[in-house]
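Okay, entry_29.txt is below, compact mmCIF, C-alpha atoms and all ligand atoms:
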```txt
# COMPACT_ATOMS: atom_id res chain seq x y z
CA MET A 170 0.00 0.00 0.00
CA PRO A 171 1.59 3.37 -0.97
CA VAL A 172 2.01 6.10 1.65
CA THR A 173 -0.19 9.07 0.95
CA THR A 174 -0.26 12.26 2.94
CA ALA A 175 -4.07 12.13 2.84
CA VAL A 176 -4.12 8.75 4.63
CA THR A 177 -1.43 9.83 7.06
CA SER A 178 -3.27 12.99 8.00
CA ALA A 179 -6.57 11.08 8.25
CA LEU A 180 -4.81 8.71 10.64
CA ASP A 181 -3.88 11.64 12.87
CA HIS A 182 -7.60 12.04 13.48
CA ILE A 183 -8.31 8.41 14.33
CA ASP A 184 -8.30 7.92 18.07
CA LEU A 185 -7.43 4.27 18.62
CA ALA A 186 -8.65 4.55 22.21
CA ASP A 187 -12.16 5.20 20.91
CA PRO A 188 -14.13 1.93 21.14
CA GLN A 189 -16.35 3.03 18.23
CA VAL A 190 -13.39 2.72 15.84
CA PHE A 191 -13.67 -1.06 16.21
CA THR A 192 -17.33 -1.30 15.21
CA ASP A 193 -16.20 -0.50 11.66
CA PRO A 194 -14.75 -3.54 9.84
CA GLY A 195 -12.43 -1.06 8.08
CA HIS A 196 -10.30 -0.93 11.24
CA HIS A 197 -8.38 -3.94 9.89
CA ARG A 198 -7.24 -1.81 6.91
CA VAL A 199 -6.19 1.01 9.21
CA PHE A 200 -4.02 -1.38 11.19
CA ARG A 201 -2.54 -2.81 7.98
CA TYR A 202 -1.58 0.72 7.02
CA LEU A 203 -0.02 1.28 10.44
CA ARG A 204 1.97 -1.95 10.18
CA ASP A 205 3.28 -0.94 6.78
CA HIS A 206 3.94 2.75 7.32
CA ALA A 207 3.84 3.69 11.01
CA PRO A 208 4.71 0.57 13.00
CA VAL A 209 5.33 2.65 16.13
CA HIS A 210 2.50 5.14 16.12
CA TRP A 211 1.79 7.96 18.59
CA ASN A 212 -1.87 8.40 19.47
CA PRO A 213 -2.17 11.91 20.89
CA ASP A 214 -4.36 12.77 23.91
CA GLY A 215 -7.98 12.18 22.98
CA THR A 216 -10.59 10.22 24.91
CA GLU A 217 -7.64 9.31 27.14
CA PRO A 218 -3.97 10.25 27.61
CA GLY A 219 -1.66 9.79 24.62
CA PHE A 220 -0.03 6.41 24.02
CA TRP A 221 2.11 4.51 21.54
CA SER A 222 0.82 1.63 19.42
CA VAL A 223 2.90 -1.28 18.17
CA THR A 224 1.18 -3.25 15.44
CA ARG A 225 3.76 -5.57 13.80
CA TYR A 226 4.19 -9.15 14.99
CA ASP A 227 7.89 -8.86 15.90
CA ASP A 228 7.42 -5.61 17.81
CA CYS A 229 4.36 -6.87 19.71
CA LEU A 230 6.29 -10.00 20.67
CA ALA A 231 9.41 -8.08 21.73
CA VAL A 232 7.51 -5.57 23.89
CA GLN A 233 5.39 -8.22 25.55
CA LYS A 234 8.34 -10.49 26.31
CA ASP A 235 10.38 -7.72 27.90
CA GLY A 236 8.61 -7.30 31.22
CA VAL A 237 11.55 -5.34 32.66
CA THR A 238 11.54 -2.50 30.12
CA PHE A 239 7.77 -2.59 29.63
CA SER A 240 5.93 -2.82 32.93
CA SER A 241 2.39 -4.09 33.58
CA ALA A 242 2.18 -2.46 36.99
CA GLY A 243 0.08 0.58 35.99
CA THR A 244 -2.86 -0.66 34.06
CA ASN A 245 -2.96 -3.32 31.37
CA THR A 246 -5.57 -2.00 28.94
CA LEU A 247 -6.70 1.28 27.46
CA GLY A 248 -9.78 2.70 29.15
CA ALA A 249 -11.16 5.31 31.48
CA GLN A 250 -9.03 3.98 34.38
CA ARG A 251 -6.03 5.69 32.74
CA TRP A 252 -7.50 9.03 33.87
CA THR A 253 -8.91 7.94 37.18
CA GLY A 254 -6.41 5.31 38.39
CA ASP A 255 -6.72 1.54 38.24
CA GLU A 256 -7.60 -0.18 41.51
CA GLY A 257 -5.71 -3.29 40.34
CA SER A 258 -2.42 -1.35 39.94
CA GLY A 259 0.47 -3.09 41.66
CA ARG A 260 -1.90 -5.64 43.21
CA MET A 261 -3.60 -7.83 40.62
CA LEU A 262 -1.77 -10.64 38.79
CA THR A 263 -2.11 -8.76 35.51
CA HIS A 264 -0.90 -5.52 37.09
CA VAL A 265 2.34 -6.59 38.80
CA ASP A 266 5.83 -7.45 37.58
CA GLY A 267 8.75 -9.59 38.72
CA ALA A 268 8.79 -11.55 41.96
CA ARG A 269 5.30 -10.51 43.11
CA HIS A 270 3.91 -11.63 39.76
CA THR A 271 5.56 -15.05 40.13
CA GLU A 272 4.28 -15.34 43.69
CA LEU A 273 0.69 -14.52 42.72
CA ARG A 274 0.76 -16.87 39.74
CA GLN A 275 1.99 -19.73 41.92
CA LEU A 276 -1.07 -19.38 44.15
CA VAL A 277 -3.36 -20.66 41.41
CA ASN A 278 -1.06 -22.22 38.81
CA ARG A 279 -1.86 -25.79 39.84
CA ALA A 280 -5.52 -25.41 38.89
CA PHE A 281 -4.62 -24.36 35.33
CA THR A 282 -2.05 -26.96 34.24
CA PRO A 283 -3.02 -28.93 31.11
CA ARG A 284 -3.37 -32.06 33.25
CA ALA A 285 -5.72 -30.41 35.79
CA ILE A 286 -7.74 -28.83 32.99
CA GLY A 287 -7.91 -32.16 31.12
CA ARG A 288 -9.93 -33.57 34.02
CA LEU A 289 -12.68 -31.06 33.23
CA GLU A 290 -13.21 -32.44 29.73
CA PRO A 291 -16.40 -34.53 30.37
CA TYR A 292 -17.93 -31.64 32.31
CA VAL A 293 -17.13 -29.02 29.64
CA ARG A 294 -18.40 -31.33 26.89
CA ALA A 295 -21.69 -31.81 28.76
CA VAL A 296 -22.13 -28.02 29.01
CA ILE A 297 -21.51 -27.65 25.26
CA THR A 298 -23.85 -30.52 24.37
CA GLU A 299 -26.62 -28.95 26.43
CA SER A 300 -26.09 -25.54 24.76
CA PHE A 301 -26.29 -27.10 21.28
CA ASP A 302 -29.34 -29.22 22.25
CA GLU A 303 -31.17 -26.06 23.23
CA ALA A 304 -30.00 -24.02 20.23
CA LEU A 305 -30.88 -26.70 17.68
CA GLU A 306 -34.30 -27.14 19.20
CA GLN A 307 -34.91 -23.40 18.81
CA GLY A 308 -33.40 -23.27 15.30
CA GLU A 309 -33.09 -19.48 15.27
CA VAL A 310 -30.77 -18.19 17.96
CA ASP A 311 -28.51 -15.37 18.95
CA PHE A 312 -25.25 -17.33 18.96
CA VAL A 313 -23.70 -14.83 21.40
CA ASP A 314 -26.22 -16.22 23.93
CA THR A 315 -25.85 -19.83 22.78
CA VAL A 316 -22.19 -19.97 23.79
CA ALA A 317 -22.48 -17.64 26.78
CA LEU A 318 -22.59 -20.29 29.48
CA LEU A 319 -19.67 -22.36 28.18
CA PRO A 320 -16.86 -20.23 29.63
CA VAL A 321 -18.74 -19.19 32.73
CA ALA A 322 -19.56 -22.82 33.61
CA SER A 323 -15.94 -23.84 33.04
CA ILE A 324 -14.33 -21.18 35.19
CA ALA A 325 -17.12 -21.54 37.78
CA ALA A 326 -16.16 -25.20 38.20
CA LEU A 327 -12.59 -24.20 39.06
CA LEU A 328 -13.54 -21.31 41.30
CA GLY A 329 -16.28 -23.20 43.12
CA VAL A 330 -19.23 -21.04 42.06
CA PRO A 331 -22.57 -22.92 42.27
CA LYS A 332 -24.69 -23.38 39.14
CA GLU A 333 -27.56 -21.21 40.36
CA ASP A 334 -25.22 -18.20 40.26
CA TRP A 335 -23.78 -18.66 36.74
CA LYS A 336 -26.28 -16.36 35.07
CA LEU A 337 -25.74 -13.59 37.60
CA LEU A 338 -21.97 -13.77 37.12
CA LEU A 339 -22.37 -13.88 33.37
CA SER A 340 -24.44 -10.69 33.36
CA LEU A 341 -21.89 -8.97 35.61
CA THR A 342 -18.86 -9.98 33.52
CA THR A 343 -20.66 -8.95 30.32
CA ALA A 344 -21.44 -5.55 31.86
CA ALA A 345 -17.88 -5.15 33.18
CA PHE A 346 -16.16 -6.04 29.90
CA GLY A 347 -18.68 -4.49 27.53
CA SER A 348 -19.05 -1.27 29.47
CA ALA A 349 -17.61 0.80 26.60
CA ASP A 350 -20.60 -0.16 24.45
CA GLN A 351 -23.67 1.97 25.11
CA ASP A 352 -26.04 -0.92 24.38
CA ILE A 353 -24.43 -2.95 27.15
CA GLN A 354 -23.81 -0.23 29.73
CA THR A 355 -26.03 -0.51 32.78
CA SER A 356 -25.33 3.10 33.89
CA PRO A 357 -25.04 6.34 31.90
CA SER A 358 -21.23 6.22 31.79
CA ALA A 359 -18.85 3.40 30.86
CA ARG A 360 -16.86 4.00 34.04
CA ALA A 361 -19.92 3.86 36.32
CA SER A 362 -21.24 0.80 34.52
CA ALA A 363 -17.97 -1.11 34.88
CA ALA A 364 -17.55 -0.01 38.51
CA MET A 365 -21.06 -1.22 39.40
CA ALA A 366 -20.44 -4.64 37.84
CA HIS A 367 -17.00 -5.01 39.47
CA ALA A 368 -18.36 -3.98 42.88
CA GLN A 369 -21.00 -6.70 42.69
CA LEU A 370 -18.45 -9.31 41.63
CA LEU A 371 -16.18 -8.36 44.53
CA LEU A 372 -19.03 -8.55 47.03
CA TYR A 373 -20.12 -11.88 45.60
CA CYS A 374 -16.59 -13.19 46.14
CA GLN A 375 -16.53 -11.88 49.70
CA ASP A 376 -19.67 -13.90 50.51
CA LEU A 377 -18.26 -17.02 48.87
CA MET A 378 -14.99 -16.66 50.81
CA ASP A 379 -16.97 -16.40 54.07
CA GLN A 380 -18.64 -19.71 53.18
CA ARG A 381 -15.29 -21.35 52.41
CA ARG A 382 -13.78 -20.18 55.70
CA LEU A 383 -16.45 -22.24 57.43
CA ALA A 384 -16.35 -25.17 55.01
CA PRO A 385 -13.20 -25.39 52.83
CA ARG A 386 -13.39 -27.24 49.51
CA ASP A 387 -11.04 -28.22 46.73
CA ASP A 388 -11.50 -25.04 44.70
CA ILE A 389 -9.74 -21.77 43.90
CA VAL A 390 -11.83 -19.67 46.28
CA THR A 391 -10.67 -21.92 49.15
CA ARG A 392 -7.07 -21.36 47.94
CA LEU A 393 -7.63 -17.60 48.01
CA VAL A 394 -8.88 -17.91 51.59
CA GLU A 395 -5.83 -19.99 52.53
CA ALA A 396 -3.54 -17.37 50.95
CA GLN A 397 -5.02 -14.77 53.30
CA ARG A 398 -4.32 -16.99 56.30
CA THR A 399 -0.65 -17.30 55.26
CA GLY A 400 -0.37 -13.55 54.61
CA LYS A 401 0.16 -13.79 50.84
CA LEU A 402 -3.02 -11.90 50.00
CA THR A 403 -5.18 -9.36 51.76
CA GLU A 404 -8.91 -9.99 51.58
CA GLU A 405 -9.19 -7.25 48.98
CA ASP A 406 -6.39 -8.76 46.87
CA ALA A 407 -8.22 -12.10 46.97
CA MET A 408 -11.43 -10.44 45.78
CA LEU A 409 -9.58 -8.75 42.91
CA PHE A 410 -8.03 -12.11 41.97
CA PHE A 411 -11.50 -13.68 41.77
CA ASP A 412 -12.73 -10.79 39.63
CA LEU A 413 -9.76 -11.20 37.27
CA LEU A 414 -10.23 -14.96 36.87
CA LEU A 415 -13.91 -14.59 36.09
CA LEU A 416 -13.38 -11.77 33.64
CA GLY A 417 -10.26 -13.19 32.01
CA GLY A 418 -11.96 -16.51 31.43
CA ASN A 419 -15.29 -15.34 30.18
CA GLU A 420 -15.79 -12.82 27.42
CA THR A 421 -12.57 -13.81 25.63
CA THR A 422 -13.54 -17.45 25.16
CA ARG A 423 -17.17 -16.61 24.43
CA HIS A 424 -16.22 -14.28 21.60
CA GLY A 425 -13.64 -16.77 20.40
CA ALA A 426 -16.48 -19.25 19.85
CA VAL A 427 -18.74 -16.64 18.24
CA GLY A 428 -15.90 -15.54 15.95
CA ALA A 429 -15.27 -19.19 15.05
CA LEU A 430 -18.84 -19.68 13.83
CA LEU A 431 -18.62 -16.48 11.79
CA ALA A 432 -15.35 -17.60 10.24
CA PHE A 433 -16.87 -20.95 9.29
CA MET A 434 -19.89 -19.21 7.77
CA GLU A 435 -17.52 -17.09 5.71
CA TYR A 436 -15.35 -20.10 4.78
CA PRO A 437 -17.77 -23.07 4.43
CA ASP A 438 -15.02 -25.10 2.72
CA GLN A 439 -13.04 -24.93 5.99
CA TRP A 440 -16.09 -26.09 7.95
CA ARG A 441 -16.47 -29.08 5.60
CA ARG A 442 -12.76 -29.79 5.81
CA LEU A 443 -12.80 -29.91 9.61
CA ARG A 444 -16.01 -31.92 9.68
CA GLU A 445 -14.37 -34.54 7.45
CA ASP A 446 -11.01 -34.56 9.23
CA ARG A 447 -11.07 -34.09 12.99
CA THR A 448 -7.31 -34.55 13.22
CA LEU A 449 -7.37 -30.87 12.24
CA LEU A 450 -9.09 -29.89 15.50
CA ASP A 451 -5.88 -28.70 17.21
CA PRO A 452 -4.63 -26.56 14.30
CA ALA A 453 -8.20 -25.32 13.86
CA VAL A 454 -8.28 -24.03 17.46
CA THR A 455 -4.93 -22.30 16.88
CA GLU A 456 -6.26 -20.76 13.68
CA VAL A 457 -9.48 -19.59 15.36
CA LEU A 458 -7.43 -17.88 18.06
CA ARG A 459 -5.16 -16.24 15.47
CA HIS A 460 -7.92 -15.22 13.09
CA VAL A 461 -10.44 -14.01 15.71
CA SER A 462 -7.94 -12.68 18.29
CA PRO A 463 -10.60 -12.19 20.98
CA SER A 464 -8.25 -9.99 23.03
CA LYS A 465 -7.40 -6.95 20.91
CA HIS A 466 -4.59 -5.41 22.87
CA VAL A 467 -2.76 -5.14 26.19
CA LEU A 468 -0.98 -2.11 27.58
CA ARG A 469 2.48 -1.66 29.06
CA ARG A 470 4.39 1.34 30.47
CA ALA A 471 7.98 2.04 29.38
CA GLU A 472 10.38 2.02 32.34
CA ARG A 473 13.13 3.77 30.33
CA ASP A 474 13.52 5.55 27.00
CA VAL A 475 13.41 3.03 24.12
CA GLU A 476 14.15 3.57 20.40
CA MET A 477 11.95 1.64 17.97
CA HIS A 478 11.72 2.21 14.23
CA GLY A 479 13.25 5.67 14.64
CA ARG A 480 10.74 6.78 17.29
CA THR A 481 11.57 7.35 20.96
CA ILE A 482 9.20 5.86 23.48
CA LYS A 483 9.93 7.87 26.61
CA ALA A 484 10.07 6.45 30.12
CA GLY A 485 6.59 6.67 31.66
CA GLN A 486 4.72 6.49 28.34
CA ASP A 487 2.18 3.76 27.64
CA VAL A 488 2.44 1.30 24.76
CA ALA A 489 -0.56 -0.59 23.36
CA ILE A 490 0.40 -4.01 21.99
CA TRP A 491 -2.22 -4.79 19.36
CA HIS A 492 -2.32 -8.63 19.22
CA PHE A 493 -5.05 -8.78 16.67
CA SER A 494 -2.90 -6.72 14.32
CA ALA A 495 0.21 -8.84 14.99
CA ASN A 496 -1.88 -11.91 14.16
CA ARG A 497 -2.77 -10.41 10.76
CA ASP A 498 0.80 -9.37 9.96
CA GLY A 499 1.85 -10.84 6.61
CA ARG A 500 5.49 -10.70 7.77
CA ALA A 501 4.67 -13.49 10.24
CA PHE A 502 1.70 -15.28 8.66
CA PRO A 503 1.48 -15.81 4.90
CA ASP A 504 -1.94 -14.84 3.50
CA PRO A 505 -2.86 -13.53 6.95
CA ASP A 506 -6.50 -12.58 6.36
CA THR A 507 -7.46 -16.05 5.15
CA PHE A 508 -8.99 -18.51 7.59
CA ASP A 509 -7.26 -21.85 7.07
CA VAL A 510 -7.88 -24.63 9.60
CA GLY A 511 -4.89 -26.56 8.30
CA ARG A 512 -2.46 -23.67 8.70
CA ARG A 513 0.86 -24.89 10.10
CA SER A 514 2.59 -21.73 11.18
CA SER A 515 6.26 -21.52 12.02
CA VAL A 516 5.54 -18.77 14.57
CA PRO A 517 3.05 -18.85 17.43
CA HIS A 518 0.06 -16.49 17.31
CA LEU A 519 -0.16 -13.85 20.03
CA ALA A 520 -3.86 -14.21 20.85
CA LEU A 521 -3.03 -15.51 24.33
CA GLY A 522 -0.20 -13.05 24.85
CA SER A 523 3.43 -13.93 25.37
CA GLY A 524 6.15 -13.52 28.01
CA PRO A 525 5.59 -13.44 31.76
CA HIS A 526 1.87 -12.64 31.55
CA TYR A 527 1.09 -15.36 28.98
CA CYS A 528 -2.53 -16.38 29.47
CA LEU A 529 -2.96 -18.37 32.66
CA GLY A 530 -6.12 -19.92 31.24
CA ALA A 531 -4.55 -21.02 27.93
CA ALA A 532 -5.17 -24.75 28.51
CA LEU A 533 -8.76 -24.09 29.57
CA ALA A 534 -9.48 -21.77 26.63
CA THR A 535 -7.98 -24.33 24.25
CA LEU A 536 -10.00 -27.20 25.72
CA GLU A 537 -13.23 -25.22 25.55
CA LEU A 538 -12.65 -24.18 21.95
CA ARG A 539 -11.59 -27.66 20.84
CA LEU A 540 -14.71 -29.28 22.32
CA PHE A 541 -16.83 -26.46 20.93
CA LEU A 542 -15.48 -26.96 17.39
CA ASP A 543 -15.88 -30.73 17.66
CA GLU A 544 -19.52 -30.40 18.72
CA LEU A 545 -20.17 -27.71 16.10
CA CYS A 546 -18.93 -30.07 13.38
CA THR A 547 -20.90 -33.03 14.74
CA ARG A 548 -24.19 -31.28 15.40
CA VAL A 549 -24.54 -28.38 12.98
CA LYS A 550 -24.75 -28.76 9.21
CA ASP A 551 -24.73 -25.07 8.44
CA ALA A 552 -25.80 -21.69 9.72
CA GLU A 553 -27.58 -18.87 7.94
CA MET A 554 -27.30 -15.26 8.99
CA ILE A 555 -30.65 -13.73 9.94
CA GLU A 556 -29.28 -10.20 10.23
CA GLN A 557 -25.89 -8.54 9.95
CA PRO A 558 -23.96 -9.01 13.22
CA ALA A 559 -23.27 -5.89 15.28
CA ARG A 560 -19.67 -5.53 16.41
CA LEU A 561 -19.03 -4.72 20.07
CA ALA A 562 -17.69 -1.21 20.60
CA SER A 563 -14.55 -2.16 22.50
CA THR A 564 -10.82 -1.61 22.31
CA VAL A 565 -10.32 -4.72 24.44
CA ILE A 566 -12.51 -7.49 23.03
CA SER A 567 -13.01 -8.49 19.38
CA GLY A 568 -16.61 -9.51 19.68
CA PHE A 569 -20.20 -9.07 18.67
CA LYS A 570 -23.27 -7.84 20.50
CA HIS A 571 -25.50 -10.21 18.54
CA LEU A 572 -25.09 -12.93 15.96
CA ARG A 573 -28.58 -13.99 14.94
CA VAL A 574 -28.44 -17.20 12.95
CA ARG A 575 -30.61 -20.08 11.81
CA LEU A 576 -28.86 -23.37 12.65
CA ARG A 577 -29.53 -26.59 10.71
CA SER A 578 -28.84 -29.92 12.39
CA ALA A 579 -26.28 -32.18 10.80
C1 LIG B 601 -9.85 -17.39 24.01
C2 LIG B 601 -9.75 -17.11 25.27
C3 LIG B 601 -8.69 -16.25 25.90
C4 LIG B 601 -7.93 -15.25 25.36
C5 LIG B 601 -7.95 -14.74 23.94
C6 LIG B 601 -7.07 -14.76 26.41
C7 LIG B 601 -6.10 -13.79 26.23
C8 LIG B 601 -5.18 -13.42 27.18
C9 LIG B 601 -4.08 -12.51 26.96
C10 LIG B 601 -3.77 -11.81 25.65
C11 LIG B 601 -3.39 -12.41 28.12
C12 LIG B 601 -2.13 -11.57 28.37
C13 LIG B 601 -2.43 -10.36 29.21
C14 LIG B 601 -1.23 -9.44 29.36
O1 LIG B 601 -0.18 -9.69 28.76
O2 LIG B 601 -1.36 -8.42 30.06
C15 LIG B 601 -4.07 -13.23 29.08
C16 LIG B 601 -3.71 -13.34 30.39
C17 LIG B 601 -4.51 -13.97 31.32
N1 LIG B 601 -5.59 -14.78 31.08
FE1 LIG B 601 -6.38 -15.22 29.30
N2 LIG B 601 -7.34 -15.42 27.55
C18 LIG B 601 -8.32 -16.36 27.29
C19 LIG B 601 -8.87 -17.26 28.16
C20 LIG B 601 -8.62 -17.26 29.51
C21 LIG B 601 -9.26 -18.14 30.43
C22 LIG B 601 -10.25 -19.25 30.10
C23 LIG B 601 -8.81 -17.79 31.64
C24 LIG B 601 -9.22 -18.47 32.91
C25 LIG B 601 -9.22 -17.95 34.07
C26 LIG B 601 -7.86 -16.69 31.48
C27 LIG B 601 -7.19 -16.03 32.47
C28 LIG B 601 -6.11 -15.19 32.27
C29 LIG B 601 -5.33 -14.60 33.36
C30 LIG B 601 -5.57 -14.78 34.84
C31 LIG B 601 -4.32 -13.85 32.75
C32 LIG B 601 -3.23 -13.03 33.44
C33 LIG B 601 -1.94 -13.81 33.47
C34 LIG B 601 -0.82 -13.01 34.09
O3 LIG B 601 -0.91 -11.78 34.20
O4 LIG B 601 0.17 -13.66 34.48
N3 LIG B 601 -7.77 -16.41 30.16
N4 LIG B 601 -5.14 -13.85 28.48
```

Structure re-expressed in structure tokens:
Amino acid sequence: MPVTTAVTSALDHIDLADPQVFTDPGHHRVFRYLRDHAPVHWNPDGTEPGFWSVTRYDDCLAVQKDGVTFSSAGTNTLGAQRWTGDEGSGRMLTHVDGARHTELRQLVNRAFTPRAIGRLEPYVRAVITESFDEALEQGEVDFVDTVALLPVASIAALLGVPKEDWKLLLSLTTAAFGSADQDIQTSPSARASAAMAHAQLLLYCQDLMDQRRLAPRDDIVTRLVEAQRTGKLTEEDAMLFFDLLLLGGNETTRHGAVGALLAFMEYPDQWRRLREDRTLLDPAVTEVLRHVSPSKHVLRRAERDVEMHGRTIKAGQDVAIWHFSANRDGRAFPDPDTFDVGRRSSVPHLALGSGPHYCLGAALATLELRLFLDELCTRVKDAEMIEQPARLASTVISGFKHLRVRLRSA
């Protein structure tokens, strides 16, 4: 793509912190332009303080791997908290560096190993089967709702949240993550809407921890209670940890599954291919994660001045690492916009991050998506769009508010 001053000056007026930018499918072209012509791009003060964007695969990887130069301790996403302060700063797993990060991760690591997650397989499959039973009986569904309970049920099993509370937690995580979208906000402002949802999640956790103090179980909430007894967490830290696990595990996987159906509708040959050859399930999950990239970006703060592509990122400035752009970078992935379930890439996608903060729930997300794709191929012959899907206005999640489809049984 040639550089033109018209495009460059138009770019100066695009505020990448504005969630509305991502409701327009054209945002992929904007990021392609950035990768080609402004790989380290300064976004001036707009809806929030100015920040740098890195958009190429190699740069995203390098910044994310270097947790010493690029700290997570401030905040880890764009959003209103950059004006008002982030309550997770220096306390939550995602918002700490170095030794404290390792210590916090060790508190829950055991529950997320591939072996521990493998034991959940029959349970997760049963949840998926039930969701498809219901959807196929209805025929016409909003697929965003069809897959909504899959991640919440999975993470609830690890945390120890009872089934009667899944729907409540789902509505709170949706409100917390989707708060930038006016159709999802529960209060007039995004900030108030997110705060309300988080407050309720924290209070819910406090009640559950009180129950576990009286009657411990083999679940993560009991581990968070134990960590308070040994002085590793304050009660508030434990509540924030619970909030993070619920949020981290929910909307990302849900929109991964929604994005997968959309990709298969757009590439029916790939759906047929996977249906006929289930040995492709593992590469298909990898390709769904790369192609959909449910997490759009994460944020870091430079600890010292750094030169990149002739630009100087100054100490104290924030850098957005746009995974979804890295995953569409033709320098790393040949024919990057094509969805190819048999893709064997020589480089790993960045959908689950990289470096010290690599997704804790990677094994769980992968299991959920693999079982989801397997069931989709077994149960659903095809899907027809009833109306154009509406993209979620979010800088954080690549997702949809609705995906109304007519499903036909296989
Ligand atoms: C498709 C689904 C998922 C996607 C795309 C995703 C994406 C990511 C990304 C990009 C990061 C890196 C954050 C950073 O560098 O600041 C991350 C971290 C994390 N994810 Fe996931 N995630 C998914 C599923 C899950 C699930 C199921 C859980 C379960 C609890 C989870 C929990 C976490 C946690 C706790 C972290 C923080 C790790 C740390 O800071 O050390 N994620 N995830």

Best match for closeness to A:Leu430 among A:Leu338, A:Leu276, A:Leu262, A:Val454, counting only C-alpha atoms: A:Val454

Env of A:Ile286: 9 Å cut, atoms = all atoms listed in the file, seq-sep filter 4 positions within chain, self excluded. Answer as a ChimeraX atom specification. /A:280-282,290,532-533,536

Would you write out those residues with C-alpha atoms, as an mmCIF file, in the frame of the given file?
```
data_model
loop_
_atom_site.group_PDB
_atom_site.id
_atom_site.type_symbol
_atom_site.label_atom_id
_atom_site.label_comp_id
_atom_site.auth_asym_id
_atom_site.auth_seq_id
_atom_site.Cartn_x
_atom_site.Cartn_y
_atom_site.Cartn_z
ATOM 1 C CA ALA A 280 -5.520 -25.410 38.890
ATOM 2 C CA PHE A 281 -4.620 -24.360 35.330
ATOM 3 C CA THR A 282 -2.050 -26.960 34.240
ATOM 4 C CA GLU A 290 -13.210 -32.440 29.730
ATOM 5 C CA ALA A 532 -5.170 -24.750 28.510
ATOM 6 C CA LEU A 533 -8.760 -24.090 29.570
ATOM 7 C CA LEU A 536 -10.000 -27.200 25.720
#
```

Using only C-alpha atoms, pick whichever of A:Leu413, A:Met408, A:Ile566, A:Ala453 has the shortest atom-to-atom distance to A:Arg513.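 The answer is A:Ala453, which sits nearest to A:Arg513.
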
Centre and size of axis-aligned box enclosing ligand LIG 601 (chain B) plus 6 Å each side, as lines of an AutoDock Vina configuration file:
```
center_x = -5.0
center_y = -13.8
center_z = 29.4
size_x = 22.4
size_y = 22.8
size_z = 22.9
```

From A:Glu544, A:Asp498, A:Asp451, A:Asp412, residue lying nearest ligand LIG 601 (chain B) [only C-alpha atoms and all ligand atoms]: A:Asp412

Would you pick out the contacts of A:Val394 at 10 Å or less, using all atoms listed in the file, so that residues sharing its chain but fewer than 4 positions from it are not included, and give the list as a list in words?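 The contact residues come out as Gln375, Leu377, Met378, Asp379, Arg381, Arg382, Pro385, Ile389, Val390, Arg398, Thr399, Lys401, Leu402, Thr403, Glu404, Ala407 and Met408 of chain A.
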
Atomic distance atom CA of A:Arg274 - atom O4 of ligand LIG 601 (chain B), expressed in Å with one decimal: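 Going from atom CA of A:Arg274 over to atom O4 of ligand LIG 601 (chain B) covers 6.2 Å.
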
Residue nearest A:Gly248 - candidates A:Leu468, A:Ala484, A:Leu319, A:Val199, atoms counted: all atoms listed in the file: A:Leu468

Stretch 294-296 of chain A surroundings by all atoms listed in the file, 10 Å radius, close-in-sequence under 2 positions cut, as a ChimeraX atom specification: /A:289-292,298-302,316,318-320,322-323,536-537,539-541,543-544

In Å, rounded to a single decimal, give me how far atom CA of A:Tyr527 is from atom CA of A:Gly418.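 Spanning atom CA of A:Gly418 to atom CA of A:Tyr527 is a straight-line distance of 13.3 Å.
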
Distance query A:Pro194 at most 12 Å, only C-alpha atoms, self and fewer than 4 positions along chain excluded, as a list in words: Gln189, Val190, Arg198, Val199, Phe200, Pro558, Ala559, Arg560, Leu561, Ala562, Ser567, Gly568 and Phe569 of chain A

Closest atom pairs, residues of stretch 361-456 of chain A within 10 Å of stretch 253-257 of chain A, all atoms listed in the file, as JSON lines:
```
{"residue": "A:Asp406", "atom": "CA", "partner": "A:Gly257", "partner_atom": "CA", "distance": 8.5}
{"residue": "A:Leu409", "atom": "CA", "partner": "A:Gly257", "partner_atom": "CA", "distance": 7.2}
{"residue": "A:Phe410", "atom": "CA", "partner": "A:Gly257", "partner_atom": "CA", "distance": 9.3}
{"residue": "A:Leu413", "atom": "CA", "partner": "A:Gly257", "partner_atom": "CA", "distance": 9.4}
```

Would you pick out the contacts of A:Gly236 at 10 Å or less, using all atoms listed in the file, so that residues sharing its chain but fewer than 2 positions from it are not included, and give the list as an NGL selection string? :A and (231-234 or 238-242 or 265-267 or 469-472 or 524-526)

Compare A:Arg512, A:Arg392, A:Arg204, A:His571 by their minimum atom-to-atom distance to A:Val277, counting only C-alpha atoms, and give me the closest one. A:Arg392
